[in-house]
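Source file: structure_23.txt (compact mmCIF, N, CA and C atoms)
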# COMPACT_ATOMS: atom_id res chain seq x y z
N MET F 1439 -14.81 -1.43 19.03
CA MET F 1439 -13.37 -1.18 18.96
C MET F 1439 -12.64 -2.50 19.13
N SER F 1440 -11.64 -2.68 18.32
CA SER F 1440 -10.89 -3.93 18.40
C SER F 1440 -9.59 -3.73 19.16
N ASN F 1441 -9.01 -4.83 19.50
CA ASN F 1441 -7.71 -4.84 20.17
C ASN F 1441 -6.63 -4.42 19.18
N GLY F 1442 -5.71 -3.55 19.61
CA GLY F 1442 -4.65 -3.06 18.73
C GLY F 1442 -3.80 -4.17 18.15
N GLN F 1443 -3.50 -5.18 18.96
CA GLN F 1443 -2.69 -6.30 18.48
C GLN F 1443 -3.43 -7.07 17.39
N ASP F 1444 -4.74 -7.30 17.60
CA ASP F 1444 -5.54 -7.99 16.60
C ASP F 1444 -5.57 -7.20 15.29
N SER F 1445 -5.70 -5.87 15.40
CA SER F 1445 -5.72 -5.02 14.21
C SER F 1445 -4.40 -5.12 13.46
N ALA F 1446 -3.29 -5.06 14.18
CA ALA F 1446 -1.97 -5.17 13.56
C ALA F 1446 -1.79 -6.54 12.91
N ASP F 1447 -2.34 -7.58 13.53
CA ASP F 1447 -2.23 -8.93 12.96
C ASP F 1447 -2.95 -9.03 11.61
N VAL F 1448 -4.08 -8.33 11.46
CA VAL F 1448 -4.79 -8.32 10.17
C VAL F 1448 -3.88 -7.74 9.10
N VAL F 1449 -3.23 -6.64 9.41
CA VAL F 1449 -2.33 -5.99 8.45
C VAL F 1449 -1.14 -6.91 8.14
N ARG F 1450 -0.60 -7.56 9.16
CA ARG F 1450 0.50 -8.52 8.93
C ARG F 1450 0.06 -9.64 7.99
N CYS F 1451 -1.15 -10.13 8.18
CA CYS F 1451 -1.68 -11.19 7.31
C CYS F 1451 -1.75 -10.70 5.86
N PHE F 1452 -2.17 -9.44 5.67
CA PHE F 1452 -2.20 -8.87 4.33
C PHE F 1452 -0.81 -8.91 3.70
N PHE F 1453 0.19 -8.40 4.42
CA PHE F 1453 1.55 -8.36 3.88
C PHE F 1453 2.10 -9.75 3.64
N ASP F 1454 1.87 -10.68 4.55
CA ASP F 1454 2.35 -12.05 4.37
C ASP F 1454 1.78 -12.64 3.08
N ALA F 1455 0.47 -12.46 2.88
CA ALA F 1455 -0.17 -13.01 1.68
C ALA F 1455 0.31 -12.29 0.42
N PHE F 1456 0.36 -10.96 0.47
CA PHE F 1456 0.81 -10.17 -0.68
C PHE F 1456 2.22 -10.56 -1.09
N ASN F 1457 3.12 -10.64 -0.13
CA ASN F 1457 4.52 -10.96 -0.44
C ASN F 1457 4.71 -12.41 -0.87
N ALA F 1458 3.76 -13.28 -0.53
CA ALA F 1458 3.80 -14.67 -0.98
C ALA F 1458 3.13 -14.83 -2.35
N GLY F 1459 2.56 -13.74 -2.86
CA GLY F 1459 1.89 -13.80 -4.15
C GLY F 1459 0.48 -14.36 -4.08
N ASP F 1460 -0.07 -14.50 -2.88
CA ASP F 1460 -1.42 -15.04 -2.69
C ASP F 1460 -2.41 -13.88 -2.62
N ILE F 1461 -2.80 -13.38 -3.77
CA ILE F 1461 -3.65 -12.19 -3.84
C ILE F 1461 -5.03 -12.45 -3.25
N ASP F 1462 -5.56 -13.66 -3.44
CA ASP F 1462 -6.87 -13.98 -2.85
C ASP F 1462 -6.82 -13.87 -1.33
N ALA F 1463 -5.77 -14.39 -0.71
CA ALA F 1463 -5.63 -14.30 0.75
C ALA F 1463 -5.42 -12.86 1.18
N ALA F 1464 -4.68 -12.09 0.40
CA ALA F 1464 -4.48 -10.67 0.72
C ALA F 1464 -5.82 -9.94 0.70
N PHE F 1465 -6.61 -10.18 -0.35
CA PHE F 1465 -7.90 -9.51 -0.46
C PHE F 1465 -8.89 -9.99 0.60
N ALA F 1466 -8.69 -11.18 1.13
CA ALA F 1466 -9.56 -11.69 2.20
C ALA F 1466 -9.43 -10.86 3.48
N THR F 1467 -8.36 -10.06 3.59
CA THR F 1467 -8.18 -9.20 4.77
C THR F 1467 -8.81 -7.82 4.56
N LEU F 1468 -9.34 -7.56 3.35
CA LEU F 1468 -9.89 -6.25 3.01
C LEU F 1468 -11.41 -6.26 3.08
N SER F 1469 -11.97 -5.23 3.67
CA SER F 1469 -13.42 -5.05 3.67
C SER F 1469 -13.90 -4.87 2.23
N PRO F 1470 -15.09 -5.36 1.90
CA PRO F 1470 -15.61 -5.17 0.54
C PRO F 1470 -15.72 -3.70 0.14
N ASP F 1471 -15.83 -2.79 1.12
CA ASP F 1471 -15.95 -1.37 0.82
C ASP F 1471 -14.74 -0.56 1.28
N ILE F 1472 -13.57 -1.20 1.28
CA ILE F 1472 -12.35 -0.52 1.71
C ILE F 1472 -12.12 0.76 0.91
N GLU F 1473 -11.54 1.75 1.58
CA GLU F 1473 -11.10 2.98 0.92
C GLU F 1473 -9.58 2.96 0.94
N TRP F 1474 -8.96 2.90 -0.23
CA TRP F 1474 -7.52 2.71 -0.40
C TRP F 1474 -6.94 3.98 -1.04
N THR F 1475 -6.06 4.70 -0.34
CA THR F 1475 -5.54 5.96 -0.85
C THR F 1475 -4.02 5.95 -0.92
N TYR F 1476 -3.51 6.26 -2.09
CA TYR F 1476 -2.09 6.48 -2.32
C TYR F 1476 -1.99 7.95 -2.71
N TYR F 1477 -1.45 8.76 -1.82
CA TYR F 1477 -1.37 10.20 -2.05
C TYR F 1477 -0.27 10.51 -3.06
N GLY F 1478 -0.54 11.45 -3.95
CA GLY F 1478 0.46 11.88 -4.92
C GLY F 1478 -0.21 12.50 -6.13
N PRO F 1479 0.59 13.10 -7.00
CA PRO F 1479 0.05 13.74 -8.20
C PRO F 1479 -0.40 12.68 -9.22
N GLU F 1480 -1.70 12.62 -9.44
CA GLU F 1480 -2.25 11.58 -10.32
C GLU F 1480 -1.78 11.72 -11.76
N GLU F 1481 -1.41 12.94 -12.17
CA GLU F 1481 -0.94 13.13 -13.54
C GLU F 1481 0.49 12.61 -13.73
N LYS F 1482 1.20 12.33 -12.64
CA LYS F 1482 2.57 11.83 -12.72
C LYS F 1482 2.73 10.41 -12.18
N ILE F 1483 1.81 10.00 -11.32
CA ILE F 1483 1.85 8.65 -10.74
C ILE F 1483 0.52 7.98 -11.08
N PRO F 1484 0.52 7.05 -12.02
CA PRO F 1484 -0.74 6.46 -12.50
C PRO F 1484 -1.54 5.72 -11.44
N PHE F 1485 -0.90 5.31 -10.36
CA PHE F 1485 -1.60 4.58 -9.31
C PHE F 1485 -1.90 5.44 -8.10
N ALA F 1486 -1.76 6.76 -8.22
CA ALA F 1486 -2.13 7.68 -7.14
C ALA F 1486 -3.64 7.92 -7.19
N GLY F 1487 -4.21 8.16 -6.02
CA GLY F 1487 -5.63 8.46 -5.94
C GLY F 1487 -6.30 7.64 -4.86
N THR F 1488 -7.60 7.73 -4.82
CA THR F 1488 -8.40 6.96 -3.86
C THR F 1488 -9.21 5.93 -4.63
N PHE F 1489 -9.18 4.71 -4.16
CA PHE F 1489 -9.82 3.57 -4.81
C PHE F 1489 -10.77 2.92 -3.81
N ILE F 1490 -11.98 2.60 -4.24
CA ILE F 1490 -13.01 2.10 -3.34
C ILE F 1490 -13.36 0.65 -3.67
N GLY F 1491 -13.44 -0.16 -2.61
CA GLY F 1491 -13.86 -1.55 -2.75
C GLY F 1491 -12.79 -2.44 -3.35
N HIS F 1492 -13.10 -3.73 -3.43
CA HIS F 1492 -12.15 -4.69 -3.98
C HIS F 1492 -11.82 -4.37 -5.43
N ALA F 1493 -12.83 -3.93 -6.21
CA ALA F 1493 -12.57 -3.58 -7.61
C ALA F 1493 -11.62 -2.39 -7.69
N GLY F 1494 -11.80 -1.44 -6.81
CA GLY F 1494 -10.92 -0.28 -6.79
C GLY F 1494 -9.49 -0.64 -6.43
N VAL F 1495 -9.33 -1.50 -5.42
CA VAL F 1495 -7.98 -1.92 -5.01
C VAL F 1495 -7.34 -2.74 -6.12
N LYS F 1496 -8.14 -3.55 -6.80
CA LYS F 1496 -7.60 -4.31 -7.94
C LYS F 1496 -7.13 -3.33 -9.02
N ASP F 1497 -7.90 -2.27 -9.27
CA ASP F 1497 -7.50 -1.25 -10.24
C ASP F 1497 -6.19 -0.60 -9.81
N PHE F 1498 -6.05 -0.28 -8.52
CA PHE F 1498 -4.80 0.29 -8.00
C PHE F 1498 -3.63 -0.64 -8.33
N PHE F 1499 -3.76 -1.92 -7.99
CA PHE F 1499 -2.66 -2.86 -8.23
C PHE F 1499 -2.40 -3.07 -9.72
N ASP F 1500 -3.46 -3.08 -10.53
CA ASP F 1500 -3.27 -3.20 -11.98
C ASP F 1500 -2.48 -2.01 -12.52
N ARG F 1501 -2.82 -0.81 -12.07
CA ARG F 1501 -2.10 0.40 -12.49
C ARG F 1501 -0.64 0.34 -12.04
N ALA F 1502 -0.44 -0.06 -10.79
CA ALA F 1502 0.93 -0.15 -10.27
C ALA F 1502 1.72 -1.19 -11.06
N GLU F 1503 1.11 -2.32 -11.34
CA GLU F 1503 1.79 -3.40 -12.06
C GLU F 1503 2.20 -2.98 -13.48
N ARG F 1504 1.43 -2.09 -14.09
CA ARG F 1504 1.77 -1.58 -15.42
C ARG F 1504 2.87 -0.51 -15.36
N SER F 1505 3.14 0.01 -14.15
CA SER F 1505 4.09 1.11 -13.99
C SER F 1505 5.40 0.71 -13.33
N ILE F 1506 5.33 -0.20 -12.36
CA ILE F 1506 6.51 -0.54 -11.57
C ILE F 1506 6.63 -2.04 -11.36
N GLN F 1507 7.85 -2.45 -11.11
CA GLN F 1507 8.11 -3.80 -10.63
C GLN F 1507 8.52 -3.65 -9.17
N ILE F 1508 7.70 -4.20 -8.28
CA ILE F 1508 8.02 -4.12 -6.85
C ILE F 1508 9.05 -5.19 -6.54
N LYS F 1509 10.18 -4.76 -6.03
CA LYS F 1509 11.25 -5.68 -5.66
C LYS F 1509 11.19 -6.01 -4.17
N GLU F 1510 10.70 -5.06 -3.38
CA GLU F 1510 10.56 -5.28 -1.94
C GLU F 1510 9.46 -4.36 -1.43
N MET F 1511 8.58 -4.91 -0.61
CA MET F 1511 7.54 -4.14 0.08
C MET F 1511 7.42 -4.77 1.45
N ALA F 1512 8.13 -4.19 2.40
CA ALA F 1512 8.24 -4.84 3.70
C ALA F 1512 7.98 -3.87 4.84
N PRO F 1513 7.06 -4.24 5.73
CA PRO F 1513 6.88 -3.42 6.92
C PRO F 1513 8.05 -3.60 7.88
N LEU F 1514 8.49 -2.48 8.45
CA LEU F 1514 9.52 -2.52 9.49
C LEU F 1514 8.87 -2.56 10.87
N SER F 1515 7.71 -1.90 11.00
CA SER F 1515 6.97 -1.92 12.26
C SER F 1515 5.50 -1.70 11.97
N LEU F 1516 4.66 -2.36 12.75
CA LEU F 1516 3.21 -2.18 12.70
C LEU F 1516 2.73 -2.04 14.14
N ILE F 1517 2.15 -0.91 14.46
CA ILE F 1517 1.70 -0.64 15.82
C ILE F 1517 0.18 -0.46 15.78
N GLY F 1518 -0.53 -1.30 16.50
CA GLY F 1518 -1.98 -1.20 16.57
C GLY F 1518 -2.42 -0.49 17.83
N ILE F 1519 -3.32 0.46 17.65
CA ILE F 1519 -3.95 1.16 18.78
C ILE F 1519 -5.45 1.13 18.50
N GLY F 1520 -6.14 0.23 19.15
CA GLY F 1520 -7.57 0.06 18.87
C GLY F 1520 -7.77 -0.37 17.43
N ASP F 1521 -8.60 0.38 16.72
CA ASP F 1521 -8.90 0.07 15.31
C ASP F 1521 -7.86 0.61 14.34
N GLN F 1522 -6.93 1.42 14.84
CA GLN F 1522 -5.92 2.04 13.98
C GLN F 1522 -4.61 1.26 14.02
N VAL F 1523 -3.96 1.15 12.87
CA VAL F 1523 -2.63 0.55 12.80
C VAL F 1523 -1.74 1.55 12.06
N TYR F 1524 -0.59 1.78 12.64
CA TYR F 1524 0.40 2.69 12.06
C TYR F 1524 1.61 1.86 11.66
N GLY F 1525 2.02 2.00 10.41
CA GLY F 1525 3.13 1.20 9.92
C GLY F 1525 4.22 2.03 9.29
N ARG F 1526 5.44 1.53 9.43
CA ARG F 1526 6.60 2.07 8.72
C ARG F 1526 7.20 0.92 7.94
N GLY F 1527 7.72 1.23 6.76
CA GLY F 1527 8.30 0.15 5.98
C GLY F 1527 9.15 0.66 4.84
N ILE F 1528 9.58 -0.29 4.02
CA ILE F 1528 10.47 -0.04 2.88
C ILE F 1528 9.78 -0.49 1.60
N GLU F 1529 9.90 0.33 0.57
CA GLU F 1529 9.53 -0.09 -0.77
C GLU F 1529 10.73 0.11 -1.67
N HIS F 1530 11.05 -0.92 -2.43
CA HIS F 1530 12.09 -0.85 -3.45
C HIS F 1530 11.41 -1.28 -4.74
N SER F 1531 11.33 -0.37 -5.69
CA SER F 1531 10.65 -0.64 -6.96
C SER F 1531 11.44 -0.08 -8.12
N MET F 1532 11.11 -0.61 -9.31
CA MET F 1532 11.74 -0.15 -10.54
C MET F 1532 10.65 0.31 -11.50
N SER F 1533 10.87 1.46 -12.12
CA SER F 1533 9.96 1.96 -13.14
C SER F 1533 10.10 1.11 -14.40
N LEU F 1534 8.98 0.62 -14.92
CA LEU F 1534 9.02 -0.16 -16.15
C LEU F 1534 9.29 0.74 -17.36
N ALA F 1535 8.93 2.02 -17.27
CA ALA F 1535 9.13 2.94 -18.39
C ALA F 1535 10.57 3.44 -18.48
N THR F 1536 11.21 3.70 -17.34
CA THR F 1536 12.54 4.32 -17.37
C THR F 1536 13.66 3.38 -16.95
N GLY F 1537 13.31 2.29 -16.26
CA GLY F 1537 14.34 1.38 -15.73
C GLY F 1537 15.00 1.89 -14.46
N ARG F 1538 14.59 3.07 -14.02
CA ARG F 1538 15.16 3.65 -12.80
C ARG F 1538 14.50 3.02 -11.57
N GLU F 1539 15.26 2.98 -10.48
CA GLU F 1539 14.76 2.37 -9.24
C GLU F 1539 14.69 3.39 -8.12
N TYR F 1540 13.79 3.13 -7.20
CA TYR F 1540 13.75 3.90 -5.96
C TYR F 1540 13.63 2.94 -4.79
N ARG F 1541 14.22 3.34 -3.69
CA ARG F 1541 14.12 2.61 -2.43
C ARG F 1541 13.80 3.66 -1.37
N LEU F 1542 12.58 3.60 -0.86
CA LEU F 1542 12.08 4.64 0.03
C LEU F 1542 11.42 4.03 1.26
N GLN F 1543 11.40 4.80 2.33
CA GLN F 1543 10.59 4.42 3.49
C GLN F 1543 9.19 4.98 3.29
N TRP F 1544 8.21 4.25 3.76
CA TRP F 1544 6.83 4.70 3.72
C TRP F 1544 6.24 4.69 5.12
N THR F 1545 5.14 5.40 5.24
CA THR F 1545 4.30 5.36 6.43
C THR F 1545 2.89 5.03 5.96
N HIS F 1546 2.27 4.07 6.63
CA HIS F 1546 0.89 3.70 6.31
C HIS F 1546 0.02 3.90 7.54
N VAL F 1547 -1.22 4.25 7.29
CA VAL F 1547 -2.24 4.30 8.34
C VAL F 1547 -3.39 3.40 7.87
N TYR F 1548 -3.76 2.47 8.72
CA TYR F 1548 -4.82 1.50 8.41
C TYR F 1548 -5.94 1.64 9.45
N GLN F 1549 -7.16 1.40 9.01
CA GLN F 1549 -8.31 1.27 9.91
C GLN F 1549 -8.76 -0.18 9.77
N VAL F 1550 -8.96 -0.85 10.90
CA VAL F 1550 -9.40 -2.24 10.90
C VAL F 1550 -10.67 -2.33 11.74
N GLN F 1551 -11.70 -2.90 11.15
CA GLN F 1551 -12.96 -3.10 11.88
C GLN F 1551 -13.50 -4.48 11.54
N GLY F 1552 -13.95 -5.18 12.54
CA GLY F 1552 -14.52 -6.51 12.32
C GLY F 1552 -13.53 -7.47 11.69
N GLY F 1553 -12.25 -7.30 11.97
CA GLY F 1553 -11.23 -8.20 11.45
C GLY F 1553 -10.84 -7.95 10.00
N LEU F 1554 -11.28 -6.83 9.43
CA LEU F 1554 -10.96 -6.50 8.04
C LEU F 1554 -10.44 -5.07 7.95
N MET F 1555 -9.52 -4.83 7.02
CA MET F 1555 -9.05 -3.47 6.78
C MET F 1555 -10.14 -2.70 6.04
N THR F 1556 -10.52 -1.55 6.60
CA THR F 1556 -11.56 -0.73 5.98
C THR F 1556 -11.00 0.54 5.35
N ARG F 1557 -9.77 0.88 5.71
CA ARG F 1557 -9.15 2.08 5.17
C ARG F 1557 -7.63 1.90 5.15
N PHE F 1558 -7.01 2.42 4.08
CA PHE F 1558 -5.56 2.37 3.91
C PHE F 1558 -5.13 3.71 3.35
N GLU F 1559 -4.06 4.28 3.93
CA GLU F 1559 -3.47 5.51 3.41
C GLU F 1559 -1.96 5.32 3.37
N GLU F 1560 -1.35 5.66 2.23
CA GLU F 1560 0.10 5.55 2.09
C GLU F 1560 0.72 6.93 1.95
N PHE F 1561 1.76 7.16 2.75
CA PHE F 1561 2.54 8.39 2.70
C PHE F 1561 3.97 7.99 2.35
N ILE F 1562 4.46 8.52 1.23
CA ILE F 1562 5.79 8.17 0.72
C ILE F 1562 6.33 9.41 -0.01
N ASP F 1563 7.58 9.44 -0.29
CA ASP F 1563 8.19 10.56 -1.02
C ASP F 1563 7.74 10.48 -2.48
N THR F 1564 6.56 11.06 -2.76
CA THR F 1564 5.99 10.93 -4.10
C THR F 1564 6.77 11.73 -5.14
N ALA F 1565 7.52 12.74 -4.72
CA ALA F 1565 8.36 13.47 -5.69
C ALA F 1565 9.40 12.53 -6.28
N THR F 1566 10.01 11.69 -5.44
CA THR F 1566 10.99 10.72 -5.93
C THR F 1566 10.33 9.67 -6.80
N VAL F 1567 9.14 9.19 -6.40
CA VAL F 1567 8.44 8.19 -7.20
C VAL F 1567 8.11 8.78 -8.57
N ALA F 1568 7.55 9.98 -8.59
CA ALA F 1568 7.17 10.62 -9.86
C ALA F 1568 8.39 10.85 -10.74
N ASP F 1569 9.49 11.29 -10.16
CA ASP F 1569 10.72 11.51 -10.92
C ASP F 1569 11.22 10.21 -11.52
N CYS F 1570 11.17 9.15 -10.76
CA CYS F 1570 11.63 7.84 -11.23
C CYS F 1570 10.74 7.34 -12.38
N LEU F 1571 9.43 7.53 -12.26
CA LEU F 1571 8.50 7.06 -13.27
C LEU F 1571 8.57 7.86 -14.57
N ASN F 1572 8.90 9.15 -14.43
CA ASN F 1572 8.82 10.05 -15.58
C ASN F 1572 10.16 10.50 -16.11
N GLY F 1573 11.25 10.01 -15.52
CA GLY F 1573 12.57 10.37 -16.01
C GLY F 1573 12.90 11.74 -15.67
Step by step, read the file and then write its structure as structure tokens.
Amino acid sequence: MSNGQDSADVVRCFFDAFNAGDIDAAFATLSPDIEWTYYGPEEKIPFAGTFIGHAGVKDFFDRAERSIQIKEMAPLSLIGIGDQVYGRGIEHSMSLATGREYRLQWTHVYQVQGGLMTRFEEFIDTATVADCLNG
């Protein structure tokens, strides 16, 4: 079991690297066998589903990049309790297909083991995301 603060710091490092555009550094915080889940209707949100490993997470981001332009992805709070990190944050994105934008709060749950994220789950208002993507 790791220290909650250390676990939260791993997640912060991911966001710092991601928001700086340093994808290699972001992926350096991910376990090679990470399980990455974005809950939502896969028939309406192309990047919804569960993705395994670095290749899976790359597929998630490739799908998202073909669907949305992320304008802001910022954690408001990250609380570590042992190996678990609970986060709240803001996402502001624009649909590339419709030009419509959404700005929503999200909740994330992360598992961190051995200094790497091993699990990620995103909870967001997927009805709004799907509506924005599909007009």
Q) Between atom C of Leu1571 in chain F and CA of Lys1482 in chain F, what is the distance, to one decimal in Å? A) 7.4 Å
Q) So which residues of chain F fall under alpha helix (DSSP H) by DSSP, listed as a ChimeraX atom specification? A) /F:1442-1457,1461-1465,1491-1505,1564-1572
(Q) I'd like to know which of F:Cys1451, F:Thr1564, F:Gly1552, F:Glu1503 is closest to Phe1465 in chain F, using only N, CA and C atoms. (A) F:Cys1451
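Atom pair CA of Arg1541 in chain F / CA of Ala1512 in chain F: separated by 11.3 Å.
Omitting Tyr1476 in chain F and its sequence neighbours fewer than 6 positions away, and counting only C-alpha atoms, the residues within 10 Å are F:Ile1483, F:Phe1485, F:Ala1486, F:Gly1487, F:Thr1488, F:Phe1489, F:Phe1498, F:His1546, F:Phe1558, F:Glu1559, F:Glu1560, F:Phe1561, F:Ile1562, F:Thr1564.
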Q: Determine the nearest neighbour of Arg1557 in chain F from the options F:Glu1473, F:Ser1515, F:Ala1464, F:Tyr1524, counting only N, CA and C atoms.
A: F:Glu1473
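The shortest atom-to-atom distance to Gln1543 in chain F, with only C-alpha atoms taken into account, belongs to F:Gly1525 out of F:Pro1484, F:Gly1573, F:Gly1525, F:Gly1520.
Ranking F:Thr1475, F:Thr1566, F:Ser1469, F:Gln1549 by their shortest atom-to-atom distance to Gln1522 in chain F, with all atoms listed in the file included, puts F:Gln1549 first.
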Q) What does the distance from atom C of Asp1454 in chain F to atom C of Gly1478 in chain F come to in Å, to one decimal? A) 26.8 Å
Q) Which of these residues is nearest to Asp1447 in chain F, using only N, CA and C atoms: F:Asp1462, F:Gly1518, F:His1492, F:Arg1501? A) F:Gly1518
